[in-house]
Amino acid sequence: MIQFNNLPEAGWLIGGAVAAVAALVLSYWWAKRKSNNWLRAALITIRWLAVVGVVLCLLGPEWVEEIKHQQKSRVAVLVDTSRSMGIQDVPGGRLATAKKWLEDKLGSSVPSNVTVDYYTFNQTLAPIASLKSLTATGGVTALGNSLEALLSIPREDPLASVILCSDGIENMRRDPEAVARLFRHKGVPIHALTVGTTNDAQDIVVENVQVKRAVPNQAPTKIGITLRSSGYRGQALPIQILRGNQTVAAQTVKLRDGAQKIELDFTPRAKGFQSYEVRVPAQRDEWLTVNNRRKFGLEVVDPTIRVIYMEGTPQHPNSSIPEWKYLKAALETDPFIKVKTLYRQFGNNGQFLNTVDADPETGEKIYPVEHPTHGFPRTMAELMSYDVIIHSDIKKESFTPDQLVNMARLVEEFGGGFVMIGGNSAFGKGGYHRTILDRIIPVAMEQENDSQARSFRMRVTPAAYAHPVIALGATRQDTELIWTRKLPMLHGCNLVDRAKPGAIVLAEDPVSRNAYGPRLLLAVQNIGQGRSMAFTSDTTRTWGRDFETTWGEVIQPGIPLSEHNCDSRYYRQFWVNAVRWLASGRIGRTNNPVSLELAQGYCAPGDKVRAAVKVRDRNLTEISTADVTLLLASGGKTNIAGKARFDPESRAYLADLATPASGEFMVVAVAAYRTVKLGEDRQLLVCEETDREMADVRAKPDLMARIAESSRGTVFSRSEQGAEFLSAAFGSPPPVTLEYRRTPLWDKSWWLGSILALLTIEWAVRRLCGLA
């Protein structure tokens with residue numbers, strides 16, 4: 001193809017040609033010597049051809065040749081050569097299966113425009129020339145690290161896709177799905193082939209131990225154990241809990257294939273932080289025995305539940321026993337419940353109430369709710385000394401706004417318990433629906449005149465008999481008998497509207513109804529971190545005169561049941577149950593100002609473990625400028641592990657810990673603010689050399705599928721026939737690039753020689769013929 005570089009517009013070319021022809025014709029027409037016509041025409045033609053040749057040179061003619069280039073694309077094949085790929089759970093073994101699949105399916109179906117690069121990976125990525133020499137010898141499987149390393153290899157050919165052949169056992173703690181999303185952003189899909197089965201090896205594994213961080217001393221503690229076994233179905237084995245070399249609890253369990261959850265009870269016998277171990281005896285032909293045990297730590301603390309009980313009913317003139325004494329004495333029959341009692345000093349009309357201010361048996365001083373130093377706690381730090389608040393008919397004006405807020409925070413934020421008992425200063429009648437306490441009371445109480453004095457018998461709802469607050473008997477039948485035959489009449493209540501969403505109605509008045517159904521009398525609810533209860537009747541002689549005195553069994557058979565001939569066992573048990581249920585979020589709490597959490601309780605030497613520490617001051621307000629030091633204690637030696645820095649996003653102080661060697665370490669977080677120590681917390685960290693590659697050899701097809709999905713790749717199956725399904729792996733070919741090669745024509749010697757020859761011939765003929 002010829003192109004002209006200096007081509008003018010067509011009009012100029014035509015005009016120039018016409019002018020040249022005219023000039024040539026006229027020059028010969030007006031020649032001095034005449035010649036015949038054919039000679040003139042020949043000379044005009046020769047000169048015209050010479051002029052045309054010169055003009056063509058001036059236009060810059062070039063010969064243009066179009067050349068097409070097809071760029072090749074590249075497919076990377078990554079083959080896992082870690083030791084788990086040598087397992088023979090598929091014919092020939094996992095690695096041999098992957099090699100055969102690649103040779104059979106991939107070898108004959110690669111397009112001419114595709115280059116295939118082969119790599120092996122275990123801990124690192126390495127190129128290989130052939131699949132034949134591969135062996136499964138790698139110590140770990142680093143899926144994420146290997147994929148990331150592939151992106152950093154410089155190559156001219158663009159990477160079209162990746163074929164990943166592995167069993168999916170990622171054990172380098174690098175998220176391969178995050179790396180796969182990076183491949184997706186680059187437009188490179190990862191296609192996954194999983195080799196191996198998901199069957200368990202013959203093994204017994206203690207996978208997890210669940211226990212509260214802190215448990216009461218001398219109290220039964222429940223341990224949740226997750227056990228996974230394969231190959232020992234139906235075999236009965238002992239599961240032991242050991243402290244040192246001493247077995248503190250044991251239970252025989254019949255194994256079944258797969259995971260099973262087991263609960264063990266044991267009772268710690270000493271206070272302080274203690275280390276325990278769950279252990280299952282090693283069995284014959286077991287795959288691994290190091291995973292038959294798991295250690296855990298817990299803080300054994302004082303089990304006492306501290307209750308602050310406020311009673312608003314004054315002394316009854318016909319009784320020598322103070323009204324607050326009944327409930328206080330009932331709760332303290334439990335040796336682990338301690339009660340601080342406060343009384344209401346003023347009535348609704350401002351008059352002084354006749355209230356006994358000392359315990360007639362012990363002489364313990366009882367103070368008014370409003371007392372400036374011995375009354376209801378003024379600060380959050382003081383209130384945190386208690387676990388449960390019992391509010392019985394106390395007017396809201398007895399509290400400051402801050403005290404009301406602190407009560408709500410104790411429940412919502414710090415796992416405390418709260419119960420409101422009915423009366424003329426409680427619920428809607430007391431105006432509490434207009435206070436912040438409405439957030440933690442489990443009933444709606446919009447009515448301001450909601451109290452009613454009448455006699456009725458409370459009925460437990462059928463679904464509530466199994467609830468811990470209601471379960472008073474050894475069996476369900478015993479519990480039903482206690483509530484239906486033994487429960488005395490009540491003589492009044494607050495007419496609250498309904499239970500709030502999420503609350504559980506435990507008891508109601510079957511006779512009285514409103515628009516929502518039977519009038520509720522007893523309801524409970526989980527509120528934030530804590531729990532709440534509403535009892536709309538009363539425990540005192542106004543509405544609960546029989547409830548607090550005659551709910552029990554006779555002391556002397558043959559004599560009628562009365563206050564003096566009743567052991568009140570059911571009354572006592574009911575309130576003990578209620579307080580223990582309400583305090584469950586606080587039992588076992590150890591250190592409120594400082595709390596330490598570890599991302600994991602087990603690690604290998606050199607692994608980093610993230611520690612998160614939350615710090616509060618004495619008023620439990622978050623501190624973001626504290627000095628937080630992490631210590632590692634082991635074998636009687638304590639070393640500083642580093643400083644934790646505040647992270648605004650997680651609202652915690654974060655640090656990465658690395659243990660120097662294998663062993664048990666006590667991680668201690670110590671927080672100080674302006675050189676004043678706020679507190680400390682501790683956790684157990686076990687560092688062990690483990691064979692991470694062979695600890696769990698089940699193939700992970702789900703992880704491989706997520707890697708493919710995250711990169712918009714395909715999941716290949718070993719059972720698929722034909723090679724057409726591999727077309728997705730090669731992708732579309734890169735676009736063709738065009739090259740244009742240009743060769744100038746005007747500077748050719750033959751071209752210029754031809755022009756010169758024409759001009760010479762024309763000149764010579766004119767001279768010979770005498771044409772000037």
# chains A, B, ... in the order shown; residues from 1 in each chain; ligands from 1
>>> select_by_dssp(residues="stretch 150-384 of chain A", states="strand (DSSP E or B)", output="ChimeraX atom specification")
/A:159-166,190-194,203-210,214-216,221-230,236-243,246-254,258-266,272-279,293-301,305-311,337-343,346,352,358,365,367-368
>>> closest_residue(among="A:Gly530, A:Gln123, A:Thr540, A:Ser717", to="A:Gln315", atoms="only C-alpha atoms")
A:Thr540
>>> select_by_dssp(residues="stretch 104-246 of chain A", states="helix (DSSP H, G or I)", output="list in words")
Asp104, Lys105, Leu106, Leu143, Gly144, Asn145, Ser146, Leu147, Glu148, Ala149, Leu150, Leu151, Pro176, Glu177, Ala178, Val179, Ala180, Arg181, Leu182, Phe183, Arg184 and His185 of chain A
>>> residues_around(residues="stretch 289-293 of chain A", least_positions_apart="3", cutoff="10 Å", atoms="only C-alpha atoms", output="ChimeraX atom specification")
/A:203-208,227-228,239-241,277-286,688-691,695-696
>>> residues_around(residues="A:Gln683", least_positions_apart="5", cutoff="8 Å", atoms="only C-alpha atoms", output="PyMOL selection string")
chain A and resi 297-298+596-598+666-668
>>> write_last_selection(atoms="all heavy atoms", output="PDB file, in the first residue's frame")
ATOM      1  N   GLY A 297      -7.231 -21.514  81.754  1.00  0.00           N
ATOM      2  CA  GLY A 297      -7.056 -20.829  83.029  1.00  0.00           C
ATOM      3  C   GLY A 297      -8.332 -20.145  83.463  1.00  0.00           C
ATOM      4  O   GLY A 297      -9.152 -19.759  82.641  1.00  0.00           O
ATOM      5  N   LEU A 298      -8.515 -20.036  84.763  1.00  0.00           N
ATOM      6  CA  LEU A 298      -9.655 -19.292  85.273  1.00  0.00           C
ATOM      7  C   LEU A 298      -9.308 -18.680  86.618  1.00  0.00           C
ATOM      8  O   LEU A 298      -8.439 -19.174  87.341  1.00  0.00           O
ATOM      9  CB  LEU A 298     -10.890 -20.181  85.393  1.00  0.00           C
ATOM     10  CG  LEU A 298     -10.892 -21.285  86.442  1.00  0.00           C
ATOM     11  CD1 LEU A 298     -12.295 -21.509  86.950  1.00  0.00           C
ATOM     12  CD2 LEU A 298     -10.381 -22.590  85.850  1.00  0.00           C
ATOM     13  N   LEU A 596      -8.467  -7.833  80.210  1.00  0.00           N
ATOM     14  CA  LEU A 596      -7.543  -8.309  79.182  1.00  0.00           C
ATOM     15  C   LEU A 596      -8.195  -9.440  78.403  1.00  0.00           C
ATOM     16  O   LEU A 596      -8.760 -10.356  78.993  1.00  0.00           O
ATOM     17  CB  LEU A 596      -6.237  -8.797  79.832  1.00  0.00           C
ATOM     18  CG  LEU A 596      -5.296  -9.621  78.954  1.00  0.00           C
ATOM     19  CD1 LEU A 596      -4.711  -8.760  77.829  1.00  0.00           C
ATOM     20  CD2 LEU A 596      -4.178 -10.233  79.794  1.00  0.00           C
ATOM     21  N   GLU A 597      -8.105  -9.355  77.076  1.00  0.00           N
ATOM     22  CA  GLU A 597      -8.576 -10.428  76.211  1.00  0.00           C
ATOM     23  C   GLU A 597      -7.466 -10.782  75.228  1.00  0.00           C
ATOM     24  O   GLU A 597      -6.841  -9.899  74.634  1.00  0.00           O
ATOM     25  CB  GLU A 597      -9.834 -10.009  75.433  1.00  0.00           C
ATOM     26  CG  GLU A 597     -11.063  -9.760  76.291  1.00  0.00           C
ATOM     27  CD  GLU A 597     -11.632 -11.028  76.911  1.00  0.00           C
ATOM     28  OE1 GLU A 597     -11.282 -12.127  76.424  1.00  0.00           O
ATOM     29  OE2 GLU A 597     -12.413 -10.906  77.872  1.00  0.00           O
ATOM     30  N   LEU A 598      -7.237 -12.099  75.054  1.00  0.00           N
ATOM     31  CA  LEU A 598      -6.275 -12.587  74.077  1.00  0.00           C
ATOM     32  C   LEU A 598      -7.018 -13.139  72.874  1.00  0.00           C
ATOM     33  O   LEU A 598      -8.055 -13.782  73.023  1.00  0.00           O
ATOM     34  CB  LEU A 598      -5.384 -13.681  74.678  1.00  0.00           C
ATOM     35  CG  LEU A 598      -4.508 -13.278  75.863  1.00  0.00           C
ATOM     36  CD1 LEU A 598      -3.705 -14.474  76.346  1.00  0.00           C
ATOM     37  CD2 LEU A 598      -3.571 -12.135  75.493  1.00  0.00           C
ATOM     38  N   MET A 666       1.762 -16.645  81.881  1.00  0.00           N
ATOM     39  CA  MET A 666       0.714 -15.795  82.422  1.00  0.00           C
ATOM     40  C   MET A 666       0.892 -14.409  81.813  1.00  0.00           C
ATOM     41  O   MET A 666       1.919 -13.758  82.024  1.00  0.00           O
ATOM     42  CB  MET A 666       0.799 -15.715  83.937  1.00  0.00           C
ATOM     43  CG  MET A 666      -0.379 -15.018  84.569  1.00  0.00           C
ATOM     44  SD  MET A 666      -1.846 -16.043  84.464  1.00  0.00           S
ATOM     45  CE  MET A 666      -1.355 -17.389  85.516  1.00  0.00           C
ATOM     46  N   VAL A 667      -0.088 -13.986  81.032  1.00  0.00           N
ATOM     47  CA  VAL A 667      -0.044 -12.653  80.452  1.00  0.00           C
ATOM     48  C   VAL A 667      -0.761 -11.711  81.419  1.00  0.00           C
ATOM     49  O   VAL A 667      -1.942 -11.916  81.734  1.00  0.00           O
ATOM     50  CB  VAL A 667      -0.709 -12.618  79.065  1.00  0.00           C
ATOM     51  CG1 VAL A 667      -0.613 -11.214  78.475  1.00  0.00           C
ATOM     52  CG2 VAL A 667      -0.067 -13.634  78.142  1.00  0.00           C
ATOM     53  N   VAL A 668      -0.063 -10.693  81.883  1.00  0.00           N
ATOM     54  CA  VAL A 668      -0.610  -9.753  82.858  1.00  0.00           C
ATOM     55  C   VAL A 668      -0.646  -8.367  82.229  1.00  0.00           C
ATOM     56  O   VAL A 668       0.366  -7.895  81.696  1.00  0.00           O
ATOM     57  CB  VAL A 668       0.228  -9.728  84.155  1.00  0.00           C
ATOM     58  CG1 VAL A 668      -0.426  -8.801  85.181  1.00  0.00           C
ATOM     59  CG2 VAL A 668       0.380 -11.134  84.713  1.00  0.00           C
TER      60      VAL A 668
END
>>> closest_residue(among="A:Ser584, A:Glu332, A:Arg476, A:Asn406", to="A:Pro216", atoms="only C-alpha atoms")
A:Ser584
>>> residues_around(residues="A:Ala644", least_positions_apart="6", cutoff="6 Å", atoms="only C-alpha atoms", output="list in words")
Val628, Tyr653, Leu654 and Ala655 of chain A
